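Listing of protein.cif, mmCIF, C-alpha atoms (C1' of nucleotides)
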```
data_target
loop_
_atom_site.label_atom_id
_atom_site.label_comp_id
_atom_site.auth_asym_id
_atom_site.auth_seq_id
_atom_site.Cartn_x
_atom_site.Cartn_y
_atom_site.Cartn_z
CA MET A 26 -113.34 -115.43 -25.64
CA THR A 27 -113.45 -112.02 -24.07
CA ILE A 28 -111.87 -110.57 -27.16
CA SER A 29 -114.44 -112.00 -29.52
CA ASN A 30 -117.09 -110.65 -27.21
CA GLU A 31 -115.76 -107.12 -27.61
CA SER A 32 -114.94 -107.27 -31.31
CA ARG A 33 -118.34 -108.68 -32.06
CA ARG A 34 -120.10 -105.63 -30.75
CA THR A 35 -119.07 -103.50 -33.71
CA SER A 36 -121.66 -105.24 -35.86
CA GLY A 37 -124.19 -106.64 -33.41
CA LEU A 38 -126.44 -104.03 -31.88
CA SER A 39 -128.58 -105.03 -28.97
CA PRO A 40 -130.30 -103.02 -26.25
CA GLU A 41 -128.14 -104.53 -23.55
CA TYR A 42 -126.67 -101.19 -22.52
CA ALA A 43 -130.10 -99.65 -22.37
CA LEU A 44 -131.02 -102.35 -19.87
CA LEU A 45 -127.88 -101.65 -17.86
CA GLY A 46 -128.70 -97.95 -18.01
CA PHE A 47 -132.21 -98.41 -16.67
CA LEU A 48 -130.88 -100.73 -13.99
CA GLU A 49 -128.51 -98.01 -12.87
CA GLN A 50 -131.48 -95.71 -12.31
CA SER A 51 -133.24 -98.34 -10.20
CA ARG A 52 -133.34 -102.08 -9.80
CA ALA A 53 -136.14 -103.70 -11.73
CA HIS A 54 -137.36 -106.97 -13.16
CA GLY A 55 -137.50 -108.03 -16.78
CA TYR A 56 -140.98 -106.97 -17.57
CA GLU A 57 -140.50 -103.54 -16.05
CA LEU A 58 -137.28 -103.03 -18.00
CA HIS A 59 -139.07 -103.95 -21.16
CA GLN A 60 -141.77 -101.39 -20.38
CA LYS A 61 -139.20 -98.67 -19.79
CA LEU A 62 -137.48 -99.51 -23.03
CA LEU A 63 -140.79 -99.19 -24.85
CA GLU A 64 -141.73 -95.93 -23.19
CA HIS A 65 -138.49 -94.01 -23.40
CA LEU A 66 -136.72 -95.55 -26.37
CA GLY A 67 -139.51 -97.40 -28.12
CA GLU A 68 -138.93 -95.62 -31.43
CA ILE A 69 -135.30 -96.54 -31.28
CA TRP A 70 -135.30 -100.18 -30.18
CA HIS A 71 -137.90 -102.53 -31.54
CA THR A 72 -137.24 -105.43 -29.31
CA SER A 73 -139.47 -108.23 -28.15
CA LEU A 74 -140.08 -109.23 -24.60
CA SER A 75 -138.30 -112.54 -25.11
CA GLN A 76 -135.31 -110.77 -26.49
CA THR A 77 -135.19 -108.65 -23.35
CA TYR A 78 -135.21 -111.79 -21.25
CA ASN A 79 -132.52 -113.36 -23.38
CA ILE A 80 -130.25 -110.39 -22.87
CA LEU A 81 -130.92 -110.31 -19.14
CA THR A 82 -130.01 -113.98 -18.88
CA ARG A 83 -126.77 -113.38 -20.73
CA LEU A 84 -125.91 -110.31 -18.70
CA GLU A 85 -126.40 -112.28 -15.50
CA GLU A 86 -124.27 -115.15 -16.78
CA GLN A 87 -121.54 -112.66 -17.59
CA GLY A 88 -121.80 -111.19 -14.12
CA PHE A 89 -122.91 -107.69 -15.11
CA ILE A 90 -126.24 -107.90 -13.34
CA GLN A 91 -127.56 -110.07 -10.57
CA GLY A 92 -131.09 -111.13 -9.97
CA THR A 93 -132.78 -112.12 -6.75
CA THR A 94 -135.82 -114.29 -7.03
CA GLN A 95 -138.89 -113.14 -5.14
CA GLU A 96 -141.55 -115.76 -4.69
CA GLN A 97 -145.03 -114.36 -5.00
CA GLU A 98 -148.21 -115.67 -3.45
CA LYS A 99 -150.19 -116.46 -6.55
CA ARG A 100 -148.00 -115.34 -9.42
CA PRO A 101 -144.88 -116.65 -11.07
CA ALA A 102 -141.72 -115.62 -9.26
CA LYS A 103 -140.22 -112.27 -10.14
CA ARG A 104 -136.53 -111.79 -10.66
CA ARG A 105 -135.46 -108.37 -9.56
CA PHE A 106 -132.13 -107.39 -11.08
CA HIS A 107 -129.46 -104.96 -10.00
CA LEU A 108 -126.16 -103.87 -11.47
CA THR A 109 -123.02 -105.50 -10.15
CA ALA A 110 -119.74 -103.58 -9.83
CA ALA A 111 -118.63 -105.15 -13.11
CA GLY A 112 -121.90 -104.06 -14.69
CA LYS A 113 -121.37 -100.49 -13.53
CA ARG A 114 -117.90 -100.47 -15.03
CA ARG A 115 -119.25 -101.91 -18.26
CA LEU A 116 -121.94 -99.27 -18.44
CA GLU A 117 -119.47 -96.50 -17.66
CA THR A 118 -117.08 -97.65 -20.36
CA TRP A 119 -119.89 -97.70 -22.85
CA MET A 120 -121.21 -94.31 -21.77
CA THR A 121 -117.87 -92.68 -22.51
CA SER A 122 -117.13 -94.50 -25.73
CA ILE A 123 -117.82 -93.59 -29.34
CA SER A 124 -120.10 -95.50 -31.66
CA VAL A 125 -119.09 -97.16 -34.85
CA CYS A 126 -119.80 -94.81 -37.73
CA SER A 127 -122.69 -96.58 -39.35
CA VAL A 128 -126.10 -95.07 -39.86
CA ARG A 129 -127.73 -97.70 -37.73
CA ALA A 130 -125.20 -97.56 -34.94
CA ILE A 131 -125.65 -93.83 -34.60
CA ARG A 132 -129.40 -93.83 -34.84
CA VAL A 133 -129.75 -96.66 -32.38
CA GLU A 134 -126.74 -97.08 -30.14
CA PHE A 135 -125.54 -93.51 -30.00
CA MET A 136 -129.05 -92.16 -29.43
CA THR A 137 -129.44 -94.56 -26.53
CA ARG A 138 -126.17 -93.43 -25.03
CA LEU A 139 -127.28 -89.85 -25.49
CA TYR A 140 -130.51 -90.56 -23.62
CA PHE A 141 -128.71 -91.87 -20.57
CA LEU A 142 -126.08 -89.14 -20.65
CA TYR A 143 -128.78 -86.54 -20.96
CA THR A 144 -130.88 -87.83 -18.07
CA ARG A 145 -127.75 -87.78 -15.91
CA ASN A 146 -126.31 -84.50 -17.04
CA PRO A 147 -127.26 -82.66 -20.26
CA ALA A 148 -123.82 -81.10 -20.64
CA ASP A 149 -122.23 -84.54 -21.04
CA ALA A 150 -124.65 -85.28 -23.83
CA LEU A 151 -123.56 -82.20 -25.74
CA GLU A 152 -119.94 -83.21 -25.40
CA ALA A 153 -120.71 -86.70 -26.64
CA ILE A 154 -122.34 -85.27 -29.74
CA GLN A 155 -119.23 -83.23 -30.38
CA ALA A 156 -116.94 -86.23 -30.10
CA GLN A 157 -119.17 -88.44 -32.22
CA THR A 158 -119.36 -85.76 -34.90
CA VAL A 159 -115.60 -85.55 -35.16
CA SER A 160 -115.38 -89.31 -35.47
CA LEU A 161 -118.03 -89.29 -38.16
CA GLN A 162 -116.22 -86.64 -40.13
CA THR A 163 -112.92 -88.47 -40.23
CA HIS A 164 -114.78 -91.60 -41.24
CA ILE A 165 -116.51 -89.75 -44.05
CA ALA A 166 -113.15 -88.49 -45.26
CA ARG A 167 -111.81 -92.06 -45.34
CA LEU A 168 -114.80 -93.29 -47.30
CA LYS A 169 -114.47 -90.47 -49.80
CA GLU A 170 -110.89 -91.44 -50.42
CA ARG A 171 -111.97 -95.03 -50.91
CA LEU A 172 -114.65 -93.89 -53.33
CA ASN A 173 -111.98 -92.20 -55.42
CA ASN A 174 -110.04 -95.44 -55.59
CA ILE A 175 -112.92 -97.49 -56.94
CA ASP A 176 -112.68 -98.21 -60.64
CA SER A 177 -115.27 -95.83 -62.08
CA GLY A 178 -116.48 -98.59 -64.36
CA GLN A 179 -117.87 -100.31 -61.27
CA ILE A 180 -120.81 -97.94 -61.19
CA PHE A 181 -122.77 -99.93 -58.64
CA ASN A 182 -119.89 -100.01 -56.24
CA CYS A 183 -119.56 -96.26 -56.77
CA MET A 184 -123.25 -95.55 -56.29
CA GLY A 185 -123.39 -97.75 -53.20
CA MET A 186 -120.48 -95.94 -51.65
CA SER A 187 -121.80 -92.49 -52.57
CA LEU A 188 -125.11 -93.34 -51.01
CA ARG A 189 -123.41 -94.43 -47.81
CA ILE A 190 -121.35 -91.26 -47.65
CA ARG A 191 -124.39 -89.09 -48.21
CA GLN A 192 -126.21 -90.87 -45.37
CA LEU A 193 -123.33 -90.22 -43.02
CA GLU A 194 -123.18 -86.56 -43.98
CA VAL A 195 -126.85 -86.21 -43.16
CA LEU A 196 -126.18 -87.93 -39.86
CA VAL A 197 -123.79 -85.13 -38.97
CA GLU A 198 -126.47 -82.57 -39.75
CA SER A 199 -128.99 -84.49 -37.67
CA LEU A 200 -126.68 -84.68 -34.68
CA ASN A 201 -126.27 -80.95 -34.87
CA GLU A 202 -130.03 -80.54 -34.76
CA CYS A 203 -130.17 -82.80 -31.72
CA LYS A 204 -127.67 -80.51 -30.04
CA ILE A 205 -129.92 -77.54 -30.71
CA GLN A 206 -133.02 -79.40 -29.51
CA MET A 207 -131.34 -80.44 -26.30
CA SER A 208 -130.02 -76.99 -25.57
CA THR A 209 -133.36 -75.28 -26.03
CA LYS A 210 -135.21 -77.84 -23.91
CA GLN A 211 -133.24 -76.95 -20.82
CA MET B 25 -142.11 -123.13 -42.88
CA THR B 26 -142.39 -121.37 -46.20
CA ILE B 27 -144.29 -118.55 -44.59
CA SER B 28 -141.72 -117.92 -41.88
CA ASN B 29 -139.09 -118.01 -44.55
CA GLU B 30 -140.78 -115.19 -46.45
CA SER B 31 -141.76 -113.09 -43.47
CA ARG B 32 -138.27 -113.36 -42.11
CA ARG B 33 -136.80 -111.62 -45.10
CA THR B 34 -138.10 -108.24 -44.06
CA SER B 35 -135.44 -108.01 -41.39
CA GLY B 36 -132.69 -110.38 -42.44
CA LEU B 37 -130.58 -109.20 -45.34
CA SER B 38 -128.27 -111.68 -46.96
CA PRO B 39 -126.63 -111.79 -50.36
CA GLU B 40 -128.57 -114.88 -51.37
CA TYR B 41 -130.29 -113.16 -54.29
CA ALA B 42 -127.01 -111.81 -55.52
CA LEU B 43 -125.78 -115.38 -55.68
CA LEU B 44 -128.90 -116.43 -57.55
CA GLY B 45 -128.42 -113.47 -59.86
CA PHE B 46 -124.85 -114.40 -60.71
CA LEU B 47 -125.89 -118.00 -61.19
CA GLU B 48 -128.45 -116.89 -63.73
CA GLN B 49 -125.68 -115.28 -65.76
CA SER B 50 -123.65 -118.48 -65.71
CA ARG B 51 -123.21 -121.55 -63.57
CA ALA B 52 -120.34 -121.26 -61.16
CA HIS B 53 -118.86 -122.69 -58.00
CA GLY B 54 -118.74 -121.12 -54.57
CA TYR B 55 -115.38 -119.52 -54.78
CA GLU B 56 -116.13 -117.95 -58.15
CA LEU B 57 -119.43 -116.57 -56.88
CA HIS B 58 -117.65 -115.05 -53.95
CA GLN B 59 -115.18 -113.40 -56.31
CA LYS B 60 -117.96 -111.94 -58.42
CA LEU B 61 -119.70 -110.62 -55.36
CA LEU B 62 -116.49 -108.91 -54.28
CA GLU B 63 -115.77 -107.47 -57.71
CA HIS B 64 -119.18 -106.16 -58.69
CA LEU B 65 -120.90 -105.53 -55.37
CA GLY B 66 -118.00 -105.53 -52.93
CA GLU B 67 -118.84 -102.10 -51.56
CA ILE B 68 -122.37 -103.19 -50.95
CA TRP B 69 -122.00 -106.65 -49.42
CA HIS B 70 -119.26 -107.35 -46.96
CA THR B 71 -119.59 -111.06 -46.73
CA SER B 72 -117.09 -113.73 -45.92
CA LEU B 73 -116.27 -116.76 -47.97
CA SER B 74 -117.74 -119.06 -45.36
CA GLN B 75 -120.94 -117.08 -45.34
CA THR B 76 -121.17 -117.52 -49.08
CA TYR B 77 -120.81 -121.26 -48.63
CA ASN B 78 -123.41 -121.27 -45.87
CA ILE B 79 -125.91 -119.57 -48.11
CA LEU B 80 -125.16 -121.87 -51.03
CA THR B 81 -125.71 -124.89 -48.81
CA ARG B 82 -129.04 -123.52 -47.68
CA LEU B 83 -130.12 -122.60 -51.20
CA GLU B 84 -129.35 -126.11 -52.35
CA GLU B 85 -131.27 -127.63 -49.42
CA GLN B 86 -134.21 -125.46 -50.34
CA GLY B 87 -133.97 -126.60 -53.94
CA PHE B 88 -133.22 -123.22 -55.51
CA ILE B 89 -129.84 -124.24 -56.81
CA GLN B 90 -128.25 -127.55 -57.54
CA GLY B 91 -124.61 -128.46 -57.42
CA THR B 92 -122.76 -131.13 -59.30
CA THR B 93 -119.53 -132.33 -57.82
CA GLN B 94 -116.56 -132.43 -60.15
CA GLU B 95 -113.65 -134.48 -58.93
CA GLN B 96 -110.30 -132.92 -59.72
CA GLU B 97 -106.99 -134.64 -60.14
CA LYS B 98 -105.01 -133.00 -57.40
CA ARG B 99 -107.38 -130.48 -55.88
CA PRO B 100 -110.38 -130.71 -53.66
CA ALA B 101 -113.59 -131.39 -55.56
CA LYS B 102 -115.41 -128.41 -56.99
CA ARG B 103 -119.13 -128.03 -56.73
CA ARG B 104 -120.50 -126.25 -59.74
CA PHE B 105 -123.94 -124.82 -59.08
CA HIS B 106 -126.78 -123.93 -61.39
CA LEU B 107 -130.23 -122.45 -60.86
CA THR B 108 -133.18 -124.81 -60.70
CA ALA B 109 -136.59 -123.85 -62.06
CA ALA B 110 -137.66 -122.97 -58.51
CA GLY B 111 -134.55 -120.84 -58.16
CA LYS B 112 -135.34 -118.96 -61.34
CA ARG B 113 -138.86 -118.26 -60.11
CA ARG B 114 -137.50 -117.11 -56.78
CA LEU B 115 -135.04 -114.78 -58.45
CA GLU B 116 -137.73 -113.41 -60.76
CA THR B 117 -140.10 -112.73 -57.89
CA TRP B 118 -137.36 -110.90 -56.06
CA MET B 119 -136.32 -108.93 -59.14
CA THR B 120 -139.81 -107.52 -59.54
CA SER B 121 -140.49 -106.85 -55.87
CA ILE B 122 -139.98 -103.77 -53.77
CA SER B 123 -137.60 -103.47 -50.86
CA VAL B 124 -138.57 -102.74 -47.31
CA CYS B 125 -138.19 -99.02 -46.69
CA SER B 126 -135.20 -99.05 -44.40
CA VAL B 127 -131.94 -97.29 -45.11
CA ARG B 128 -130.01 -100.52 -45.09
CA ALA B 129 -132.47 -102.46 -47.20
CA ILE B 130 -132.33 -99.82 -49.91
CA ARG B 131 -128.61 -99.33 -49.85
CA VAL B 132 -127.93 -103.04 -49.89
CA GLU B 133 -130.82 -105.09 -51.19
CA PHE B 134 -132.33 -102.59 -53.59
CA MET B 135 -128.94 -101.63 -55.01
CA THR B 136 -128.25 -105.30 -55.66
CA ARG B 137 -131.56 -105.72 -57.43
CA LEU B 138 -130.79 -102.62 -59.44
CA TYR B 139 -127.45 -104.09 -60.49
CA PHE B 140 -129.03 -107.22 -61.91
CA LEU B 141 -131.90 -105.34 -63.52
CA TYR B 142 -129.43 -102.92 -65.09
CA THR B 143 -127.14 -105.62 -66.50
CA ARG B 144 -130.19 -107.25 -68.07
CA ASN B 145 -131.95 -104.16 -69.30
CA PRO B 146 -131.27 -100.61 -68.08
CA ALA B 147 -134.85 -99.48 -68.69
CA ASP B 148 -136.13 -101.95 -66.10
CA ALA B 149 -133.76 -100.47 -63.58
CA LEU B 150 -135.16 -96.99 -64.11
CA GLU B 151 -138.67 -98.30 -63.59
CA ALA B 152 -137.64 -100.06 -60.41
CA ILE B 153 -136.23 -96.81 -59.04
CA GLN B 154 -139.51 -95.13 -59.78
CA ALA B 155 -141.53 -97.78 -57.97
CA GLN B 156 -139.20 -97.88 -54.99
CA THR B 157 -139.31 -94.09 -54.71
CA VAL B 158 -143.09 -94.09 -54.55
CA SER B 159 -143.00 -96.74 -51.85
CA LEU B 160 -140.43 -94.75 -49.90
CA GLN B 161 -142.53 -91.61 -50.07
CA THR B 162 -145.67 -93.23 -48.70
CA HIS B 163 -143.57 -94.77 -45.96
CA ILE B 164 -142.10 -91.39 -45.09
CA ALA B 165 -145.61 -89.96 -44.89
CA ARG B 166 -146.63 -92.71 -42.44
CA LEU B 167 -143.62 -92.10 -40.27
CA LYS B 168 -144.27 -88.38 -40.20
CA GLU B 169 -147.75 -89.01 -38.97
CA ARG B 170 -146.40 -91.30 -36.32
CA LEU B 171 -143.91 -88.64 -35.30
CA ASN B 172 -146.77 -86.24 -34.73
CA ASN B 173 -148.40 -88.74 -32.42
CA ILE B 174 -145.41 -89.17 -30.15
CA ASP B 175 -145.72 -87.33 -26.87
CA SER B 176 -143.40 -84.38 -27.41
CA GLY B 177 -142.03 -84.87 -23.92
CA GLN B 178 -140.37 -88.04 -25.20
CA ILE B 179 -137.65 -86.06 -26.88
CA PHE B 180 -135.46 -89.04 -27.61
CA ASN B 181 -138.25 -90.91 -29.28
CA CYS B 182 -138.91 -87.77 -31.31
CA MET B 183 -135.29 -87.22 -32.23
CA GLY B 184 -134.86 -90.88 -33.16
CA MET B 185 -137.86 -90.76 -35.42
CA SER B 186 -136.87 -87.45 -37.01
CA LEU B 187 -133.46 -88.83 -37.75
CA ARG B 188 -134.96 -91.87 -39.40
CA ILE B 189 -137.28 -89.76 -41.53
CA ARG B 190 -134.45 -87.51 -42.60
CA GLN B 191 -132.39 -90.53 -43.66
CA LEU B 192 -135.24 -91.83 -45.78
CA GLU B 193 -135.74 -88.45 -47.41
CA VAL B 194 -132.09 -88.40 -48.40
CA LEU B 195 -132.51 -91.90 -49.76
CA VAL B 196 -135.11 -90.58 -52.18
CA GLU B 197 -132.68 -87.90 -53.33
CA SER B 198 -129.94 -90.50 -53.76
CA LEU B 199 -132.14 -92.77 -55.82
CA ASN B 200 -132.86 -89.88 -58.08
CA GLU B 201 -129.15 -89.31 -58.54
CA CYS B 202 -128.73 -92.99 -59.39
CA LYS B 203 -131.35 -92.57 -62.07
CA ILE B 204 -129.39 -89.69 -63.57
CA GLN B 205 -126.11 -91.61 -63.39
CA MET B 206 -127.59 -94.63 -65.07
CA SER B 207 -129.19 -92.61 -67.84
CA THR B 208 -126.02 -90.73 -68.71
CA LYS B 209 -123.89 -93.91 -68.73
CA GLN B 210 -125.83 -95.41 -71.57
"C1'" DC C 22 -168.80 -115.20 -12.75
"C1'" DC C 23 -166.77 -115.40 -17.22
"C1'" DA C 24 -163.65 -113.61 -20.61
"C1'" DA C 25 -160.25 -110.57 -21.92
"C1'" DT C 26 -156.10 -108.56 -20.85
"C1'" DA C 27 -151.82 -107.71 -18.30
"C1'" DT C 28 -148.08 -109.67 -15.89
"C1'" DA C 29 -143.95 -112.63 -15.91
"C1'" DC C 30 -141.71 -115.50 -17.83
"C1'" DT C 31 -139.40 -120.29 -20.53
"C1'" DC C 32 -138.08 -122.86 -24.50
"C1'" DA C 33 -136.87 -124.17 -29.04
"C1'" DC C 34 -135.55 -122.78 -33.35
"C1'" DT C 35 -133.65 -120.18 -37.52
"C1'" DG C 36 -130.28 -117.36 -39.67
"C1'" DA C 37 -126.23 -114.16 -39.83
"C1'" DA C 38 -121.65 -114.01 -39.12
"C1'" DT C 39 -117.05 -115.19 -37.70
"C1'" DG C 40 -112.94 -117.88 -37.02
"C1'" DA C 41 -110.35 -121.82 -37.04
"C1'" DC C 42 -109.09 -125.54 -39.67
"C1'" DT C 43 -107.85 -128.69 -43.88
"C1'" DA C 44 -105.94 -129.37 -48.28
"C1'" DT C 45 -104.01 -128.60 -52.72
"C1'" DA C 46 -102.10 -125.86 -56.67
"C1'" DT C 47 -99.41 -122.34 -58.54
"C1'" DC C 48 -96.22 -118.77 -58.67
"C1'" DT C 49 -91.92 -116.40 -57.26
"C1'" DA C 50 -87.57 -115.15 -55.73
"C1'" DA C 51 -83.19 -116.65 -53.61
"C1'" DT D 15 -84.74 -126.01 -57.68
"C1'" DT D 16 -86.93 -125.56 -54.00
"C1'" DA D 17 -88.94 -123.24 -49.96
"C1'" DG D 18 -92.39 -120.10 -48.96
"C1'" DA D 19 -96.17 -117.17 -50.15
"C1'" DT D 20 -100.53 -116.89 -52.09
"C1'" DA D 21 -104.79 -118.43 -54.37
"C1'" DT D 22 -108.19 -121.98 -54.71
"C1'" DA D 23 -111.96 -124.64 -52.54
"C1'" DG D 24 -113.93 -125.76 -49.13
"C1'" DT D 25 -115.75 -127.82 -43.78
"C1'" DC D 26 -116.99 -127.29 -39.04
"C1'" DA D 27 -118.17 -125.33 -34.62
"C1'" DT D 28 -119.81 -121.65 -32.20
"C1'" DT D 29 -122.02 -117.24 -30.76
"C1'" DC D 30 -125.56 -113.92 -30.94
"C1'" DA D 31 -129.94 -111.69 -32.54
"C1'" DG D 32 -134.50 -112.33 -33.05
"C1'" DT D 33 -139.05 -114.76 -33.43
"C1'" DG D 34 -142.90 -117.46 -32.08
"C1'" DA D 35 -145.18 -120.53 -29.39
"C1'" DG D 36 -146.24 -121.95 -25.03
"C1'" DT D 37 -147.11 -121.69 -19.66
"C1'" DA D 38 -149.11 -119.73 -15.78
"C1'" DT D 39 -151.35 -116.45 -12.81
"C1'" DA D 40 -153.72 -111.91 -11.53
"C1'" DT D 41 -156.78 -108.27 -12.42
"C1'" DT D 42 -160.57 -105.97 -14.34
"C1'" DG D 43 -164.89 -105.03 -16.84
"C1'" DG D 44 -169.33 -106.29 -18.09
#
```
With the file now loaded, output its structure as structure tokens.
Amino acid sequence: MTISNESRRTSGLSPEYALLGFLEQSRAHGYELHQKLLEHLGEIWHTSLSQTYNILTRLEEQGFIQGTTQEQEKRPAKRRFHLTAAGKRRLETWMTSISVCSVRAIRVEFMTRLYFLYTRNPADALEAIQAQTVSLQTHIARLKERLNNIDSGQIFNCMGMSLRIRQLEVLVESLNECKIQMSTKQ
Amino acid sequence: MTISNESRRTSGLSPEYALLGFLEQSRAHGYELHQKLLEHLGEIWHTSLSQTYNILTRLEEQGFIQGTTQEQEKRPAKRRFHLTAAGKRRLETWMTSISVCSVRAIRVEFMTRLYFLYTRNPADALEAIQAQTVSLQTHIARLKERLNNIDSGQIFNCMGMSLRIRQLEVLVESLNECKIQMSTKQ
DNA sequence: CCAATATACTCACTGAATGACTATATCTAA
DNA sequence: TTAGATATAGTCATTCAGTGAGTATATTGG
């Protein structure tokens, strides 16, 4: 159960860590979190309000966040969430981990991680880029080897793999540019 | 129902058209189709056998394919599928359409379309590349405009968008390389 | 004072994807 | 020759992402 939960994450990307990250900054309710997501990472996550609520519900069920219901005079009740100890640990583990080497994972998940690292301490963000770059490069090397092993008659398999490799190589370049951007902004 | 089915396809990528494409070449049963997928497009689609069966079941429910059960002496019954008229139309529509301009959609869906176009008639494949490239370029232009409109204080939104644009630009280069590859192979 | 919009959600559904399970046939090496 | 590995051919249950429709109230502008 717990295992499948962890192994699943390699493919399934969801803004759950972004929500945890914002909740670390300050407790908030669903709508607010959704607003923050839009404002700060809106070009990265295109998520609907309902999806945000879905994730919050799941995170609470799993014990990573806890909500306290506040009745309001003439409005529906708000649920103000805060991180639990387990949630903090989960966030911390994620913050110090490395993303799967897919274009999407880097553009979406890694960039999100970078955002939260950067707002805490820019130096950590630079380190993360370094680590992720190394990981990307070894992955690229593996894929290149695999490309060499494909029967060259399978030209679509070859082209597909070449395309993927090229995308990853550009990712490395882009991460380097991010590093420069972040350094000069300080 | 039909509408949601069509609109959904923008986000959800599945090898259903590849299955239709193989079924156009010759009728086949699930296991065979899965083998073909692995052999010819294995680097493009990483799909499980069960997923293949799921899709086939759905395609049959929707009336795009039809299976006839063949009892076997001492093996489980095979279901040999063939395209229906509706399925042929669906495949044809897809073959002549243009993919959504996302990295994944091009690498996966467009490459699959290209494979089937190419095995039918290489010239069609070259034309498809041309059309897809044009579409990509207008999309890139739109995104660049949007990038200019992002508050430059939102550096993560900016970086995320820049990264996406860069990926799409490389996609255009890659498609051009595919064109060259395909021309020289003839 | 009415309508539009913003706030704050809930609920039901589809589709992707995985993993566990069943069952039989064929091949292979001791 | 026979036990075990592998290939064939599926079914079934479940989890998660994501969408869309619906509910309900508060605020604001004309």
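You will find atom CA of A:Arg171 at 21.0 Å from atom CA of B:His58.
Within 12 Å of chain B, and using all atoms listed in the file, the residues found on chain D are D:DA21, D:DT22, D:DA23, D:DG24, D:DT25, D:DC26, D:DA31, D:DG32, D:DT33, D:DG34.
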Å distance separating atom CA of B:Asn181 from atom CA of A:Glu68, one decimal place: 5.2 Å
Applied to this file, what does the PyMOL selection byres ((chain B and resi 146) around 12) return in terms of residues, put as a list of chain:residue names? B:Arg137, B:Leu138, B:Tyr139, B:Phe140, B:Leu141, B:Tyr142, B:Thr143, B:Arg144, B:Asn145, B:Ala147, B:Asp148, B:Ala149, B:Leu150, B:Glu151, B:Ala152, B:Ile153, B:Cys202, B:Lys203, B:Ile204, B:Gln205, B:Met206, B:Ser207, B:Thr208, B:Lys209, B:Gln210
Selection to disk with C-alpha atoms, as a short mmCIF file (atom, residue, chain, number, x, y, z; two decimals), in the coordinates of the input:
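Result written to result_13.cif:
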```
data_model
loop_
_atom_site.label_atom_id
_atom_site.label_comp_id
_atom_site.auth_asym_id
_atom_site.auth_seq_id
_atom_site.Cartn_x
_atom_site.Cartn_y
_atom_site.Cartn_z
CA ARG B 137 -131.56 -105.72 -57.43
CA LEU B 138 -130.79 -102.62 -59.44
CA TYR B 139 -127.45 -104.09 -60.49
CA PHE B 140 -129.03 -107.22 -61.91
CA LEU B 141 -131.90 -105.34 -63.52
CA TYR B 142 -129.43 -102.92 -65.09
CA THR B 143 -127.14 -105.62 -66.50
CA ARG B 144 -130.19 -107.25 -68.07
CA ASN B 145 -131.95 -104.16 -69.30
CA ALA B 147 -134.85 -99.48 -68.69
CA ASP B 148 -136.13 -101.95 -66.10
CA ALA B 149 -133.76 -100.47 -63.58
CA LEU B 150 -135.16 -96.99 -64.11
CA GLU B 151 -138.67 -98.30 -63.59
CA ALA B 152 -137.64 -100.06 -60.41
CA ILE B 153 -136.23 -96.81 -59.04
CA CYS B 202 -128.73 -92.99 -59.39
CA LYS B 203 -131.35 -92.57 -62.07
CA ILE B 204 -129.39 -89.69 -63.57
CA GLN B 205 -126.11 -91.61 -63.39
CA MET B 206 -127.59 -94.63 -65.07
CA SER B 207 -129.19 -92.61 -67.84
CA THR B 208 -126.02 -90.73 -68.71
CA LYS B 209 -123.89 -93.91 -68.73
CA GLN B 210 -125.83 -95.41 -71.57
#
```
Picked residues, the PyMOL selection byres ((chain A) within 8 of (chain B)), expected as a list in words: His65, Leu66, Gly67, Glu68, Ile69, Arg132, Val133, Met136, Tyr140, Gln179, Phe181, Asn182, Cys183, Met184, Gly185, Met186, Leu188, Arg189, Arg191, Gln192, Val195, Leu196, Ser199 and Cys203 of chain A
Name the residues that the PyMOL selection byres ((chain D and resi 42-44) around 9) pulls out of this structure, and write them as JSON, numbers by chain. {"C": [25, 26], "D": [41]}
Just-selected residues, C-alpha atoms (C1' of nucleotides) written as a compact mmCIF listing (two decimals), in the frame of the given file:
```
# COMPACT_ATOMS: atom_id res chain seq x y z
C1' DA C 25 -160.25 -110.57 -21.92
C1' DT C 26 -156.10 -108.56 -20.85
C1' DT D 41 -156.78 -108.27 -12.42
```
Across A:Ser124, A:Ser51, A:Thr163, A:Thr109, the smallest distance to A:Phe89, with all atoms listed in the file counted, is shown by A:Thr109
Residues of chain C near chain A: apply a cut-off of 9 Å, count only C-alpha atoms (C1' of nucleotides), and supply the list as a VMD selection string. chain C and resid 28 to 30 39
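With all atoms listed in the file as the atoms that count, the minimum distance from A:Phe106 to the choices A:Ala156, A:Pro40, A:Asn79, A:Glu85 is reached by A:Glu85.
Atom CA of A:Ala130 lies 13.2 Å from atom CA of A:Thr158.
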What lies within 12 Å of B:Thr117 using only C-alpha atoms (C1' of nucleotides), ignoring chain neighbours under 4 positions off, as a list of chain:residue names? B:Glu30, B:Tyr41, B:Leu44, B:Gly45, B:Ala110, B:Gly111, B:Lys112, B:Arg113, B:Ser121, B:Ile122, B:Ser123, B:Arg137
Can I get the selection written as a compact mmCIF listing (two decimals), in the coordinates of the input, with C-alpha atoms?
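As written to disk, again12.txt reads:
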```txt
# COMPACT_ATOMS: atom_id res chain seq x y z
CA GLU B 30 -140.78 -115.19 -46.45
CA TYR B 41 -130.29 -113.16 -54.29
CA LEU B 44 -128.90 -116.43 -57.55
CA GLY B 45 -128.42 -113.47 -59.86
CA ALA B 110 -137.66 -122.97 -58.51
CA GLY B 111 -134.55 -120.84 -58.16
CA LYS B 112 -135.34 -118.96 -61.34
CA ARG B 113 -138.86 -118.26 -60.11
CA SER B 121 -140.49 -106.85 -55.87
CA ILE B 122 -139.98 -103.77 -53.77
CA SER B 123 -137.60 -103.47 -50.86
CA ARG B 137 -131.56 -105.72 -57.43
```
